[in-house]
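Okay, so here's the structure we're looking at.
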Amino acid sequence: MSATERTDHRHLAERAKQITARELRAYIDRTHGSQRATERARKVLPLGVPSSFQAYDPHPIVVRRAQDAWMEDVDGNRYIDFDMGFGALFSGHCHPAVRRAVEQQLDDGTLFVTPCEMNAEVAELLAERYGLPMWRFTNSGTEATMDAIRVARGITGREKLVKVEGGYHGHHDEVMISMKPPLSEAGPADAPRAIPATAGITRGVLADTIVIPYNNAEALERVLQNGDVAAFIVEPVMENIGICMPQPGYLQAVRDITRKYGTMLIFDEVKTGITAGWGGATGALGVQPDLVSLAKSIGGGLPLGAFGGTRECMDQISAGKVLHLGTYNGNPLCMAAGRAVLAEVCTPEATQATIDRNRLLLDACDRIIADAGLPAHTVQFGAKGCVTWAPEPIRNYRDYKATDFDLAFAQWMHGINRGVLLPPGLDEQWLISVLHTDADALHYADVFGEFVAELTA
C-alpha cells in the first residue's frame, strides 16, 4: 500500500467512525420501544434474545410484523428486509402460496408422528433438484449437518472430521470449532489450529476435528493421507465470511481428493440452498458431493431442514446401522410449506428472475464503488450478494480478517436508520427474495450511494 493509499484509508476509517457515532445516537432515539422490549427480555432470556446471533449493541430491533419484503418494528419503523431470516425467506414473508398451504394443513392437523404422503413428495422434489436419491428431514440446519456427519462416520467407520477455518455448520459440538478464531491463537495460515468457539467442547471432540484453510486443496490432501477422516464438511461457497467463492477447480479437486482417500464429502448448503439456483450450489457449481445438508430457504419461514445423499450413504439408515430420530421430523405443517416453496413459489423461472433482480442491485453498487474509487467490491452468488470492504476478493478466513470492519459497521448503522435491514454480523450477505421488487432492491443501492457520498466528502 502506497503512502497516498494509507492516507486515503485513514481518512475513510476516521470518517466511518464519525458516521457510526452519529448513527448510533439516531438509532437509540428511534428505537425506544425495541430498547424497552429488550430490557424486559433480558430479565428472562440470556442477552434478551432466543439465539445469541440475534443480540447486538446497543440493542436489537424488536419486530412486530412482516409481509412481502418488509418488516416493522415495535416503534413503527419500517424496513426493507435484506436479512430475510439469515437467508431462510427466499419465498419472502408470508408468501400467499405458502400461507395457503399452511392454512389448509392446519385444518388437517399439525403433528402426526407417523408418515404423511407429503414426506415422499417433498423428498422427490429435493431429489430432482439435487440429483441425490434419498432424503431425511430435520428441524434445522444444525440437525441436518449433525446427522450427515453421523452417516459419514457410519459408512466409513472413521471418527475424524475436517472443516475449514471460518466455516459455520450449526451449533453441535463437532463443528463449533474455529468458526471465527482470534488470529493470535489460530496458528499458521496453511495449517490452522483447532480453536473451540465456545465453552463446553470436550478435548476428545477437539482432537477429532481438523481445521484447514478454504481454497487450499493441498491442505486437504495433507490431512486426509492417514486414511482416518470420515468426512470433509464444507460450504461450497462460504457464507459465514460474506460471500467467499471457490477458486476455479477447487471444488473438483476436493471431490477428487476425498474419493481418493475414501472420505465422504458433505456440502453444507444450509445457507446457499435454493437461493443459489434451482439446483442449489451443487447444481450451479457442477460438483456432486456424497451428502448435502439443507435448511433455511426450503422451509418458507418454518423450521425445516433436510439431508440427502447417495443410496450407499443413506442405506446406513435403512439398514439400522445409523439411527436418525426426531418427533418433529417431517411434520406435516413444515412439509406443506416446503412443498409450496419447492413446487409452486421458487420455480426455475422465479428463481432466475430473482437472481437477475439481484444483479441489478449489484451493478448499481459496482458503479458507486467505481465512481468513488473505494477499497471495496461486490460479490454475487445467486440471489445473495454483499459488499466486501477490501479491494480484492477474499479467498479464505485470513483474507476476511483483513477487511475493514469499521467501514462495514458504519455502512450497517447508516442503512438501518434509513430502512435498510441487513444482518447484524457485518459478514453476512443480503438476500433478494421472490417478493422483492426492483424498487425494493435498488433502495439498497440508493442508501449505499448516500453513505458513500458522505464517507468520501
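Each chain in the C-alpha cells gets a letter, A, B, ..., in the order shown, and its residues are numbered from 1; ligands are numbered from 1 in order too.
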Any chance you could tabulate, as a Markdown table, the residues of range 196-303 of chain A at most 9 Å from range 395-405 of chain A with each one's nearest atom pair and distance in Å to one decimal, using only C-alpha atoms, in chain and rising number order?
```
| residue | atom | partner | partner_atom | distance |
| --- | --- | --- | --- | --- |
| A:Pro213 | CA | A:Asn396 | CA | 6.4 |
| A:Tyr214 | CA | A:Asn396 | CA | 5.2 |
| A:Asn215 | CA | A:Arg395 | CA | 6.4 |
| A:Asn216 | CA | A:Asn396 | CA | 8.9 |
| A:Met238 | CA | A:Asn396 | CA | 8.5 |
| A:Ile241 | CA | A:Tyr400 | CA | 6.4 |
| A:Gly242 | CA | A:Tyr400 | CA | 8.2 |
| A:Cys244 | CA | A:Arg395 | CA | 6.1 |
| A:Met245 | CA | A:Arg395 | CA | 7.0 |
| A:Pro246 | CA | A:Arg395 | CA | 7.4 |
| A:Gln247 | CA | A:Arg395 | CA | 7.5 |
```
- [ ] Pick out each residue of range 55-229 of chain A that DSSP on the backbone tags as helix (DSSP H, G or I); I need them as a PyMOL selection string.
- [x] chain A and resi 84-87+96-106+117-130+141-156+173-175+183-186+203-208+217-224
Task: Of the listed residues A:Val205, A:Cys346, A:Ile155, A:Ala191, that which approaches Thr263 in chain A most closely, counting only C-alpha atoms - done: A:Ile155
Mind the document's chain letters and residue numbers, and return as a PDB file with N, CA and C atoms, in the first residue's frame the residues of range 133-317 of chain A that DSSP labels strand (DSSP E or B).
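Written out: selection_1.pdb:
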```
ATOM      1  N   MET A 134     -31.912 -40.099  -1.999  1.00  0.00           N
ATOM      2  CA  MET A 134     -32.531 -40.431  -0.717  1.00  0.00           C
ATOM      3  C   MET A 134     -32.392 -39.259   0.257  1.00  0.00           C
ATOM      4  N   TRP A 135     -33.498 -38.987   1.010  1.00  0.00           N
ATOM      5  CA  TRP A 135     -33.548 -37.821   1.883  1.00  0.00           C
ATOM      6  C   TRP A 135     -34.191 -38.157   3.221  1.00  0.00           C
ATOM      7  N   ARG A 136     -33.805 -37.432   4.240  1.00  0.00           N
ATOM      8  CA  ARG A 136     -34.473 -37.424   5.536  1.00  0.00           C
ATOM      9  C   ARG A 136     -34.639 -35.980   5.986  1.00  0.00           C
ATOM     10  N   PHE A 137     -35.668 -35.730   6.804  1.00  0.00           N
ATOM     11  CA  PHE A 137     -35.978 -34.365   7.234  1.00  0.00           C
ATOM     12  C   PHE A 137     -35.550 -34.130   8.678  1.00  0.00           C
ATOM     13  N   THR A 138     -35.205 -32.875   8.950  1.00  0.00           N
ATOM     14  CA  THR A 138     -34.837 -32.422  10.284  1.00  0.00           C
ATOM     15  C   THR A 138     -35.592 -31.126  10.558  1.00  0.00           C
ATOM     16  N   LYS A 160     -12.642 -39.068  12.602  1.00  0.00           N
ATOM     17  CA  LYS A 160     -12.181 -37.690  12.438  1.00  0.00           C
ATOM     18  C   LYS A 160     -13.002 -36.943  11.389  1.00  0.00           C
ATOM     19  N   LEU A 161     -13.073 -35.628  11.590  1.00  0.00           N
ATOM     20  CA  LEU A 161     -13.821 -34.715  10.726  1.00  0.00           C
ATOM     21  C   LEU A 161     -12.903 -33.572  10.327  1.00  0.00           C
ATOM     22  N   VAL A 162     -13.003 -33.140   9.078  1.00  0.00           N
ATOM     23  CA  VAL A 162     -12.267 -31.960   8.614  1.00  0.00           C
ATOM     24  C   VAL A 162     -13.266 -30.863   8.259  1.00  0.00           C
ATOM     25  N   LYS A 163     -12.985 -29.643   8.700  1.00  0.00           N
ATOM     26  CA  LYS A 163     -13.771 -28.461   8.339  1.00  0.00           C
ATOM     27  C   LYS A 163     -12.815 -27.334   8.004  1.00  0.00           C
ATOM     28  N   VAL A 164     -13.350 -26.275   7.395  1.00  0.00           N
ATOM     29  CA  VAL A 164     -12.485 -25.158   7.050  1.00  0.00           C
ATOM     30  C   VAL A 164     -12.540 -24.077   8.118  1.00  0.00           C
ATOM     31  N   ILE A 177     -16.011 -25.237  16.126  1.00  0.00           N
ATOM     32  CA  ILE A 177     -14.564 -25.182  16.237  1.00  0.00           C
ATOM     33  C   ILE A 177     -14.031 -24.305  15.111  1.00  0.00           C
ATOM     34  N   PRO A 196     -11.713 -24.031  19.938  1.00  0.00           N
ATOM     35  CA  PRO A 196     -13.136 -24.111  20.288  1.00  0.00           C
ATOM     36  C   PRO A 196     -13.778 -22.736  20.265  1.00  0.00           C
ATOM     37  N   THR A 209     -11.478 -33.078  15.363  1.00  0.00           N
ATOM     38  CA  THR A 209     -11.827 -32.102  14.333  1.00  0.00           C
ATOM     39  C   THR A 209     -10.568 -31.405  13.835  1.00  0.00           C
ATOM     40  N   ILE A 210     -10.297 -31.567  12.559  1.00  0.00           N
ATOM     41  CA  ILE A 210      -9.113 -30.988  11.921  1.00  0.00           C
ATOM     42  C   ILE A 210      -9.557 -29.771  11.110  1.00  0.00           C
ATOM     43  N   VAL A 211      -8.793 -28.689  11.205  1.00  0.00           N
ATOM     44  CA  VAL A 211      -9.142 -27.434  10.543  1.00  0.00           C
ATOM     45  C   VAL A 211      -8.130 -27.137   9.444  1.00  0.00           C
ATOM     46  N   ILE A 212      -8.651 -26.760   8.276  1.00  0.00           N
ATOM     47  CA  ILE A 212      -7.800 -26.394   7.154  1.00  0.00           C
ATOM     48  C   ILE A 212      -8.305 -25.086   6.547  1.00  0.00           C
ATOM     49  N   VAL A 229     -10.035 -40.050   8.210  1.00  0.00           N
ATOM     50  CA  VAL A 229     -11.032 -38.977   8.224  1.00  0.00           C
ATOM     51  C   VAL A 229     -12.332 -39.474   7.615  1.00  0.00           C
ATOM     52  N   ALA A 230     -13.404 -39.353   8.379  1.00  0.00           N
ATOM     53  CA  ALA A 230     -14.722 -39.801   7.907  1.00  0.00           C
ATOM     54  C   ALA A 230     -15.288 -38.856   6.870  1.00  0.00           C
ATOM     55  N   ALA A 231     -15.170 -37.540   7.114  1.00  0.00           N
ATOM     56  CA  ALA A 231     -15.852 -36.583   6.246  1.00  0.00           C
ATOM     57  C   ALA A 231     -15.134 -35.256   6.215  1.00  0.00           C
ATOM     58  N   PHE A 232     -15.236 -34.601   5.072  1.00  0.00           N
ATOM     59  CA  PHE A 232     -14.887 -33.192   4.929  1.00  0.00           C
ATOM     60  C   PHE A 232     -16.193 -32.449   4.727  1.00  0.00           C
ATOM     61  N   ILE A 233     -16.561 -31.599   5.698  1.00  0.00           N
ATOM     62  CA  ILE A 233     -17.776 -30.799   5.583  1.00  0.00           C
ATOM     63  C   ILE A 233     -17.379 -29.384   5.206  1.00  0.00           C
ATOM     64  N   VAL A 234     -18.038 -28.857   4.168  1.00  0.00           N
ATOM     65  CA  VAL A 234     -17.656 -27.549   3.665  1.00  0.00           C
ATOM     66  C   VAL A 234     -18.865 -26.892   3.004  1.00  0.00           C
ATOM     67  N   MET A 238     -18.486 -20.249   0.792  1.00  0.00           N
ATOM     68  CA  MET A 238     -18.512 -19.871   2.202  1.00  0.00           C
ATOM     69  C   MET A 238     -19.372 -18.633   2.399  1.00  0.00           C
ATOM     70  N   CYS A 244     -17.613 -15.914   0.030  1.00  0.00           N
ATOM     71  CA  CYS A 244     -16.258 -16.293  -0.372  1.00  0.00           C
ATOM     72  C   CYS A 244     -16.379 -17.416  -1.394  1.00  0.00           C
ATOM     73  N   MET A 264     -15.923 -39.127   2.974  1.00  0.00           N
ATOM     74  CA  MET A 264     -17.186 -38.610   2.471  1.00  0.00           C
ATOM     75  C   MET A 264     -17.118 -37.087   2.344  1.00  0.00           C
ATOM     76  N   LEU A 265     -17.658 -36.575   1.263  1.00  0.00           N
ATOM     77  CA  LEU A 265     -17.730 -35.133   1.039  1.00  0.00           C
ATOM     78  C   LEU A 265     -19.148 -34.667   1.342  1.00  0.00           C
ATOM     79  N   ILE A 266     -19.262 -33.764   2.329  1.00  0.00           N
ATOM     80  CA  ILE A 266     -20.551 -33.190   2.717  1.00  0.00           C
ATOM     81  C   ILE A 266     -20.572 -31.733   2.301  1.00  0.00           C
ATOM     82  N   PHE A 267     -21.528 -31.362   1.467  1.00  0.00           N
ATOM     83  CA  PHE A 267     -21.768 -29.957   1.173  1.00  0.00           C
ATOM     84  C   PHE A 267     -22.814 -29.430   2.154  1.00  0.00           C
ATOM     85  N   ASP A 268     -22.420 -28.441   2.937  1.00  0.00           N
ATOM     86  CA  ASP A 268     -23.358 -27.738   3.807  1.00  0.00           C
ATOM     87  C   ASP A 268     -23.988 -26.626   2.986  1.00  0.00           C
ATOM     88  N   LEU A 291     -23.076 -36.235   0.336  1.00  0.00           N
ATOM     89  CA  LEU A 291     -24.189 -35.833   1.188  1.00  0.00           C
ATOM     90  C   LEU A 291     -24.359 -34.318   1.108  1.00  0.00           C
ATOM     91  N   VAL A 292     -25.615 -33.873   1.183  1.00  0.00           N
ATOM     92  CA  VAL A 292     -25.941 -32.449   1.213  1.00  0.00           C
ATOM     93  C   VAL A 292     -26.820 -32.178   2.425  1.00  0.00           C
ATOM     94  N   SER A 293     -26.532 -31.084   3.121  1.00  0.00           N
ATOM     95  CA  SER A 293     -27.367 -30.635   4.242  1.00  0.00           C
ATOM     96  C   SER A 293     -28.072 -29.343   3.837  1.00  0.00           C
ATOM     97  N   LEU A 294     -29.378 -29.288   4.110  1.00  0.00           N
ATOM     98  CA  LEU A 294     -30.198 -28.134   3.749  1.00  0.00           C
ATOM     99  C   LEU A 294     -31.011 -27.666   4.945  1.00  0.00           C
ATOM    100  N   GLY A 305     -35.412 -28.598   7.950  1.00  0.00           N
ATOM    101  CA  GLY A 305     -34.100 -28.959   7.433  1.00  0.00           C
ATOM    102  C   GLY A 305     -34.186 -30.304   6.755  1.00  0.00           C
ATOM    103  N   ALA A 306     -33.121 -30.670   6.050  1.00  0.00           N
ATOM    104  CA  ALA A 306     -33.088 -31.959   5.369  1.00  0.00           C
ATOM    105  C   ALA A 306     -31.642 -32.319   5.080  1.00  0.00           C
ATOM    106  N   PHE A 307     -31.384 -33.605   4.980  1.00  0.00           N
ATOM    107  CA  PHE A 307     -30.101 -34.037   4.444  1.00  0.00           C
ATOM    108  C   PHE A 307     -30.367 -35.183   3.479  1.00  0.00           C
ATOM    109  N   GLY A 308     -29.608 -35.178   2.395  1.00  0.00           N
ATOM    110  CA  GLY A 308     -29.778 -36.187   1.366  1.00  0.00           C
ATOM    111  C   GLY A 308     -28.440 -36.721   0.933  1.00  0.00           C
ATOM    112  N   GLY A 309     -28.474 -37.878   0.292  1.00  0.00           N
ATOM    113  CA  GLY A 309     -27.210 -38.458  -0.123  1.00  0.00           C
ATOM    114  C   GLY A 309     -27.377 -39.565  -1.135  1.00  0.00           C
TER     115      GLY A 309
END
```
Task: Residues near Glu392 in chain A, cut-off 10 Å, only C-alpha atoms, skip fewer than 2 positions along chain, as a ChimeraX atom specification - done: /A:375-378,388-390,394-395,399,403
TODO: Find the spatial neighbours of Ser297 in chain A, counting only C-alpha atoms, within a cut-off of 10 Å - ignore same-chain residues fewer than 3 positions away - and output them as number ranges by chain.
DONE: A: 84-92, 269-275, 294, 300-305, 338, 341-342, 346, 433
TODO: Please measure the separation of CA of Trp412 in chain A and CA of His171 in chain A, giving the value in Å to one decimal.
DONE: 25.7 Å
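Of note, CA of Pro115 in chain A and CA of Glu143 in chain A are spaced 19.4 Å apart.
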